[in-house]
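Visitor: Sharing a structure, written as structure tokens. Questions coming.
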Amino acid sequence: MAASAREDGARGQAQVRRGCEHYDRGCLLKAQQTCEECSTLFGEYYCSLCHLFDKDKKQYHCENCGICRIGPKEDFFHCLKCNLCLTINLQGKHKCIENVSRQNCPICLEDIHTSRIVAHVLPCGHLLHRGYRCPLCMHSALDMTRYWRQLDDEVAQTPMPSEYQNMTVDILCNDCNGKSTVQFHILGMKCNICESYNTAQSGGRRISVDQQ
């Protein structure tokens, strides 16, 4: 029975042969892009530092990041303070946060630095994979102007009951950090300074004197 098991194991190894015909043992290969004997290409892209084999996706190895990135390389630069490769159009136009990518995405919790999912660089400087508001500082992640104007129309078409029509509330804007007193509305309170609806109530509600 032991001999039969060895024969089965040998047949299994023959069926699952690794690499080209010159590699028929179960030991580790010396990592290189081609076979020394027949020049079989193991990967269109090979990094001798990461030992990464892959199809050609214009990859490049970033020494500062310590990993390979999908390029092309000329479209990216490495920000030394953020310690991350960013698209060239962000050079000199982004808010730097030291080692910003050395953390997990605050929404999906995947490691940002090594993730193959594109991370969005927010105006606040934080990174996340998806979302419309930064969960760390609550700033809007995108240009929400169009959505704010839609909210204007919805607010105008949704009058509050008479007992709430002259009610005001103190708010804090998460986008401009300004404080203002505005009319209370169930759909949202618009900042008087930057016209954002990304606001939070910072004080109690008040009824105007003529309504008390």
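Here, A, B, ... name the chains of the structure tokens in the order displayed, residue numbers run from 1 inside each chain, and ligands are numbered from 1 in the same displayed order.
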List every residue of segment 48-160 of chain A that has an atom at most 12 Å from any atom of segment 185-191 of chain A, and for each one report the closest atom pair and its distance in Å to one decimal, counting only C-alpha atoms, with rows sorted by chain and then by increasing residue number, as JSON lines.

Guide:
```
{"residue": "A:Thr145", "atom": "CA", "partner": "A:Lys190", "partner_atom": "CA", "distance": 11.9}
{"residue": "A:Trp148", "atom": "CA", "partner": "A:Lys190", "partner_atom": "CA", "distance": 8.5}
{"residue": "A:Arg149", "atom": "CA", "partner": "A:Lys190", "partner_atom": "CA", "distance": 10.4}
{"residue": "A:Gln150", "atom": "CA", "partner": "A:Leu187", "partner_atom": "CA", "distance": 11.4}
{"residue": "A:Leu151", "atom": "CA", "partner": "A:Leu187", "partner_atom": "CA", "distance": 7.8}
{"residue": "A:Asp152", "atom": "CA", "partner": "A:Lys190", "partner_atom": "CA", "distance": 8.6}
{"residue": "A:Asp153", "atom": "CA", "partner": "A:Leu187", "partner_atom": "CA", "distance": 10.9}
{"residue": "A:Glu154", "atom": "CA", "partner": "A:Leu187", "partner_atom": "CA", "distance": 8.0}
{"residue": "A:Val155", "atom": "CA", "partner": "A:Leu187", "partner_atom": "CA", "distance": 6.6}
{"residue": "A:Ala156", "atom": "CA", "partner": "A:His185", "partner_atom": "CA", "distance": 10.1}
{"residue": "A:Gln157", "atom": "CA", "partner": "A:Leu187", "partner_atom": "CA", "distance": 10.9}
{"residue": "A:Thr158", "atom": "CA", "partner": "A:Leu187", "partner_atom": "CA", "distance": 8.5}
{"residue": "A:Pro159", "atom": "CA", "partner": "A:His185", "partner_atom": "CA", "distance": 8.5}
{"residue": "A:Met160", "atom": "CA", "partner": "A:His185", "partner_atom": "CA", "distance": 6.8}
```

Visitor: Mind dumping the selected residues with N, CA and C atoms as an mmCIF file, in the first residue's frame?

Guide:
```cif
data_model
loop_
_atom_site.group_PDB
_atom_site.id
_atom_site.type_symbol
_atom_site.label_atom_id
_atom_site.label_comp_id
_atom_site.auth_asym_id
_atom_site.auth_seq_id
_atom_site.Cartn_x
_atom_site.Cartn_y
_atom_site.Cartn_z
ATOM 1 N N THR A 145 -21.638 70.576 -5.301
ATOM 2 C CA THR A 145 -22.422 71.759 -5.659
ATOM 3 C C THR A 145 -23.725 71.394 -6.355
ATOM 4 N N TRP A 148 -26.162 69.974 -3.901
ATOM 5 C CA TRP A 148 -26.687 71.017 -3.001
ATOM 6 C C TRP A 148 -27.792 71.814 -3.677
ATOM 7 N N ARG A 149 -27.634 72.092 -4.987
ATOM 8 C CA ARG A 149 -28.669 72.850 -5.702
ATOM 9 C C ARG A 149 -29.943 72.016 -5.850
ATOM 10 N N GLN A 150 -29.793 70.706 -5.986
ATOM 11 C CA GLN A 150 -30.970 69.842 -6.019
ATOM 12 C C GLN A 150 -31.692 69.865 -4.677
ATOM 13 N N LEU A 151 -30.907 69.905 -3.607
ATOM 14 C CA LEU A 151 -31.502 70.005 -2.275
ATOM 15 C C LEU A 151 -32.224 71.336 -2.098
ATOM 16 N N ASP A 152 -31.678 72.409 -2.690
ATOM 17 C CA ASP A 152 -32.368 73.707 -2.648
ATOM 18 C C ASP A 152 -33.783 73.569 -3.199
ATOM 19 N N ASP A 153 -33.905 72.895 -4.349
ATOM 20 C CA ASP A 153 -35.216 72.726 -4.980
ATOM 21 C C ASP A 153 -36.138 71.872 -4.118
ATOM 22 N N GLU A 154 -35.595 70.823 -3.531
ATOM 23 C CA GLU A 154 -36.413 69.951 -2.696
ATOM 24 C C GLU A 154 -36.893 70.674 -1.439
ATOM 25 N N VAL A 155 -36.026 71.476 -0.854
ATOM 26 C CA VAL A 155 -36.410 72.243 0.331
ATOM 27 C C VAL A 155 -37.510 73.242 -0.021
ATOM 28 N N ALA A 156 -37.357 73.907 -1.182
ATOM 29 C CA ALA A 156 -38.353 74.896 -1.609
ATOM 30 C C ALA A 156 -39.709 74.243 -1.875
ATOM 31 N N GLN A 157 -39.702 72.995 -2.303
ATOM 32 C CA GLN A 157 -40.947 72.300 -2.637
ATOM 33 C C GLN A 157 -41.521 71.516 -1.459
ATOM 34 N N THR A 158 -40.843 71.587 -0.312
ATOM 35 C CA THR A 158 -41.287 70.843 0.873
ATOM 36 C C THR A 158 -41.432 71.806 2.054
ATOM 37 N N PRO A 159 -42.529 72.568 2.103
ATOM 38 C CA PRO A 159 -42.704 73.510 3.221
ATOM 39 C C PRO A 159 -42.893 72.770 4.539
ATOM 40 N N MET A 160 -42.332 73.347 5.580
ATOM 41 C CA MET A 160 -42.476 72.763 6.905
ATOM 42 C C MET A 160 -43.839 73.127 7.474
#
```

Visitor: Applying 7 Å and only C-alpha atoms, which residues near segment 164-178 of chain A remain after dropping the ones on its own chain fewer than 4 positions away? List them as a ChimeraX atom specification.

Guide: /A:138-140,160,182-184,191,193-194,198-208

Visitor: Using N, CA and C atoms, can you write the selected residues to a file as a CSV table (one decimal), in the first residue's frame?

Guide:
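That gives us out-v9.csv:
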```csv
chain,number,residue,atom,x,y,z
A,138,MET,N,-15.1,64.7,8.3
A,138,MET,CA,-16.4,65.0,7.8
A,138,MET,C,-16.5,66.0,6.7
A,139,HIS,N,-15.4,66.4,6.1
A,139,HIS,CA,-15.4,67.2,4.9
A,139,HIS,C,-16.0,66.5,3.7
A,140,SER,N,-16.7,67.2,2.8
A,140,SER,CA,-17.2,66.5,1.6
A,140,SER,C,-16.0,66.0,0.8
A,160,MET,N,-42.3,73.3,5.6
A,160,MET,CA,-42.5,72.8,6.9
A,160,MET,C,-43.8,73.1,7.5
A,182,VAL,N,-29.6,79.4,10.9
A,182,VAL,CA,-30.4,79.2,9.7
A,182,VAL,C,-31.8,78.7,10.1
A,183,GLN,N,-32.7,78.7,9.1
A,183,GLN,CA,-34.0,78.2,9.3
A,183,GLN,C,-34.0,76.7,9.4
A,184,PHE,N,-34.7,76.1,10.3
A,184,PHE,CA,-34.7,74.7,10.5
A,184,PHE,C,-35.5,74.0,9.4
A,191,CYS,N,-25.6,76.0,5.0
A,191,CYS,CA,-24.6,76.9,5.5
A,191,CYS,C,-24.8,78.3,4.8
A,193,ILE,N,-22.6,80.5,4.7
A,193,ILE,CA,-21.3,81.0,4.3
A,193,ILE,C,-20.9,80.4,2.9
A,194,CYS,N,-20.9,79.0,2.9
A,194,CYS,CA,-20.5,78.3,1.6
A,194,CYS,C,-21.6,77.6,0.9
A,198,ASN,N,-23.6,70.1,4.1
A,198,ASN,CA,-22.9,69.2,5.0
A,198,ASN,C,-22.7,69.9,6.3
A,199,THR,N,-23.7,69.9,7.1
A,199,THR,CA,-23.8,70.7,8.4
A,199,THR,C,-24.2,69.8,9.5
A,200,ALA,N,-24.0,70.3,10.7
A,200,ALA,CA,-24.5,69.6,11.9
A,200,ALA,C,-25.0,70.7,12.9
A,201,GLN,N,-26.0,70.3,13.6
A,201,GLN,CA,-26.7,71.2,14.5
A,201,GLN,C,-25.7,71.4,15.7
A,202,SER,N,-25.5,72.6,16.1
A,202,SER,CA,-24.6,72.9,17.2
A,202,SER,C,-25.2,73.6,18.4
A,203,GLY,N,-26.5,73.9,18.2
A,203,GLY,CA,-27.3,74.5,19.3
A,203,GLY,C,-28.7,74.1,19.2
A,204,GLY,N,-29.5,74.6,20.2
A,204,GLY,CA,-30.9,74.2,20.3
A,204,GLY,C,-31.7,75.0,19.3
A,205,ARG,N,-32.9,74.5,19.0
A,205,ARG,CA,-33.8,75.2,18.1
A,205,ARG,C,-34.5,76.4,18.9
A,206,ARG,N,-34.8,77.4,18.1
A,206,ARG,CA,-35.4,78.6,18.6
A,206,ARG,C,-36.6,79.1,17.8
A,207,ILE,N,-37.6,79.5,18.4
A,207,ILE,CA,-38.8,80.1,17.7
A,207,ILE,C,-38.7,81.6,17.7
A,208,SER,N,-39.0,82.2,16.6
A,208,SER,CA,-38.9,83.7,16.6
A,208,SER,C,-39.9,84.3,17.5
```

Visitor: Would you mind writing down, as a PyMOL selection string, each residue of chain A that DSSP on the backbone assigns to strand (DSSP E or B)?

Guide: chain A and resi 34+41+45-47+52-54+59-62+67-70+76-79+84-87+104+111+120-121+127-128+133+140+167-173+179-183+199-207

Visitor: Considering only C-alpha atoms, return as an NGL selection string whatever protein or nucleic-acid residues lie within 12 Å of segment 64-71 of chain A, sequence-local ones (same chain, fewer than 3 positions apart) excluded.

Guide: :A and (45-61 or 74-88 or 99 or 101-102 or 112-118)

Visitor: Please produce an output containing N, CA and C atoms for each residue in the selection, written as a CSV table (one decimal), in the first residue's frame.

Guide:
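Wrote it out as selection.csv, contents follow:
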```
chain,number,residue,atom,x,y,z
A,45,TYR,N,5.9,41.0,-17.1
A,45,TYR,CA,6.6,42.0,-16.1
A,45,TYR,C,7.2,41.2,-15.0
A,46,TYR,N,8.4,41.5,-14.6
A,46,TYR,CA,9.0,40.8,-13.5
A,46,TYR,C,9.8,41.9,-12.7
A,47,CYS,N,9.6,41.9,-11.4
A,47,CYS,CA,10.4,42.8,-10.5
A,47,CYS,C,11.3,41.9,-9.7
A,48,SER,N,12.6,42.2,-9.8
A,48,SER,CA,13.6,41.4,-9.1
A,48,SER,C,13.6,41.7,-7.6
A,49,LEU,N,13.0,42.8,-7.2
A,49,LEU,CA,12.9,43.2,-5.8
A,49,LEU,C,11.7,42.6,-5.1
A,50,CYS,N,10.6,42.7,-5.7
A,50,CYS,CA,9.3,42.2,-5.1
A,50,CYS,C,9.1,40.7,-5.5
A,51,HIS,N,9.9,40.2,-6.5
A,51,HIS,CA,9.7,38.9,-7.1
A,51,HIS,C,8.3,38.8,-7.6
A,52,LEU,N,7.8,39.8,-8.3
A,52,LEU,CA,6.5,39.8,-8.8
A,52,LEU,C,6.5,39.5,-10.3
A,53,PHE,N,5.6,38.5,-10.7
A,53,PHE,CA,5.4,38.1,-12.1
A,53,PHE,C,4.0,38.6,-12.4
A,54,ASP,N,3.8,39.2,-13.6
A,54,ASP,CA,2.5,39.7,-14.0
A,54,ASP,C,2.4,39.9,-15.4
A,55,LYS,N,1.2,40.2,-15.9
A,55,LYS,CA,1.1,40.6,-17.3
A,55,LYS,C,1.6,42.1,-17.4
A,56,ASP,N,1.9,42.6,-18.6
A,56,ASP,CA,2.3,43.9,-18.7
A,56,ASP,C,1.2,44.9,-18.5
A,57,LYS,N,1.3,45.6,-17.4
A,57,LYS,CA,0.3,46.7,-17.1
A,57,LYS,C,1.0,48.0,-16.9
A,58,LYS,N,2.1,48.2,-17.5
A,58,LYS,CA,3.0,49.4,-17.4
A,58,LYS,C,3.4,49.5,-15.9
A,59,GLN,N,3.7,48.4,-15.2
A,59,GLN,CA,4.1,48.5,-13.8
A,59,GLN,C,5.5,49.1,-13.7
A,60,TYR,N,5.7,49.6,-12.5
A,60,TYR,CA,7.1,50.1,-12.1
A,60,TYR,C,7.3,49.9,-10.6
A,61,HIS,N,8.5,49.8,-10.2
A,61,HIS,CA,8.8,49.6,-8.8
A,61,HIS,C,9.2,50.9,-8.2
A,74,GLU,N,5.6,57.5,-15.8
A,74,GLU,CA,5.6,58.9,-16.0
A,74,GLU,C,4.4,59.7,-15.6
A,75,ASP,N,3.3,58.9,-15.3
A,75,ASP,CA,2.0,59.6,-14.9
A,75,ASP,C,2.0,59.7,-13.4
A,76,PHE,N,3.0,59.3,-12.7
A,76,PHE,CA,2.9,59.4,-11.2
A,76,PHE,C,4.2,60.0,-10.7
A,77,PHE,N,4.1,60.5,-9.5
A,77,PHE,CA,5.2,61.0,-8.7
A,77,PHE,C,5.1,60.6,-7.3
A,78,HIS,N,6.2,60.5,-6.6
A,78,HIS,CA,6.2,60.0,-5.2
A,78,HIS,C,6.3,61.2,-4.3
A,79,CYS,N,5.2,61.5,-3.5
A,79,CYS,CA,5.2,62.6,-2.5
A,79,CYS,C,6.0,62.1,-1.2
A,80,LEU,N,7.1,62.7,-0.9
A,80,LEU,CA,7.9,62.2,0.2
A,80,LEU,C,7.2,62.4,1.6
A,81,LYS,N,6.4,63.4,1.7
A,81,LYS,CA,5.7,63.6,3.0
A,81,LYS,C,4.5,62.7,3.2
A,82,CYS,N,3.7,62.6,2.1
A,82,CYS,CA,2.6,61.6,2.1
A,82,CYS,C,3.1,60.2,2.1
A,83,ASN,N,4.3,60.0,1.5
A,83,ASN,CA,5.0,58.7,1.4
A,83,ASN,C,4.1,57.8,0.5
A,84,LEU,N,3.7,58.3,-0.7
A,84,LEU,CA,2.8,57.6,-1.5
A,84,LEU,C,2.9,58.1,-3.0
A,85,CYS,N,2.8,57.2,-3.9
A,85,CYS,CA,2.7,57.7,-5.3
A,85,CYS,C,1.4,58.2,-5.7
A,86,LEU,N,1.4,59.4,-6.3
A,86,LEU,CA,0.1,60.1,-6.6
A,86,LEU,C,0.2,60.5,-8.1
A,87,THR,N,-1.0,60.7,-8.7
A,87,THR,CA,-1.0,61.1,-10.1
A,87,THR,C,-0.3,62.4,-10.3
A,88,ILE,N,0.3,62.6,-11.4
A,88,ILE,CA,1.1,63.8,-11.6
A,88,ILE,C,0.3,65.1,-11.6
A,99,ASN,N,2.7,60.2,5.9
A,99,ASN,CA,2.4,58.8,5.9
A,99,ASN,C,0.9,58.5,5.8
A,101,SER,N,-1.0,57.1,3.7
A,101,SER,CA,-1.5,55.8,3.2
A,101,SER,C,-1.2,54.7,4.1
A,102,ARG,N,-0.4,54.9,5.2
A,102,ARG,CA,-0.1,53.8,6.1
A,102,ARG,C,-1.2,53.6,7.1
A,112,ILE,N,-4.6,50.7,2.6
A,112,ILE,CA,-4.6,51.6,1.4
A,112,ILE,C,-3.3,51.5,0.7
A,113,HIS,N,-2.2,51.4,1.4
A,113,HIS,CA,-0.9,51.5,0.8
A,113,HIS,C,-0.6,50.4,-0.2
A,114,THR,N,-1.1,49.2,0.1
A,114,THR,CA,-0.8,48.0,-0.8
A,114,THR,C,-2.1,47.7,-1.6
A,115,SER,N,-3.2,48.4,-1.5
A,115,SER,CA,-4.4,48.0,-2.2
A,115,SER,C,-4.3,48.3,-3.7
A,116,ARG,N,-4.9,47.4,-4.5
A,116,ARG,CA,-4.9,47.6,-5.9
A,116,ARG,C,-6.1,48.4,-6.3
A,117,ILE,N,-7.0,48.8,-5.4
A,117,ILE,CA,-8.1,49.6,-5.6
A,117,ILE,C,-7.7,51.1,-5.5
A,118,VAL,N,-8.0,51.9,-6.5
A,118,VAL,CA,-7.6,53.3,-6.5
A,118,VAL,C,-8.2,54.0,-5.3
```

Visitor: I'd like the interatomic distance between atom CA of Lys179 of chain A and atom CA of Asp143 of chain A, to a tenth of an Å.

Guide: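 Distance reported for this atom pair: 20.6 Å.
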
Visitor: Distance atom CA of Gln91 of chain A-atom CA of Ala141 of chain A, one decimal place?

Guide: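 Between these atoms lies a distance of 18.7 Å.
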
Visitor: Rank nothing, just name the residue among A:Ser39, A:Thr34, A:Ser196, A:Asn104 nearest to His129 of chain A, using only C-alpha atoms.

Guide: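 Of the candidates, the smallest distance to His129 of chain A is held by A:Asn104.
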
Visitor: If you measure from atom CA of Arg130 of chain A to atom CA of Glu63 of chain A, what distance in Å do you get, rounded to one decimal?

Guide: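 Taking atom CA of Arg130 of chain A and atom CA of Glu63 of chain A, their separation equals 27.2 Å.
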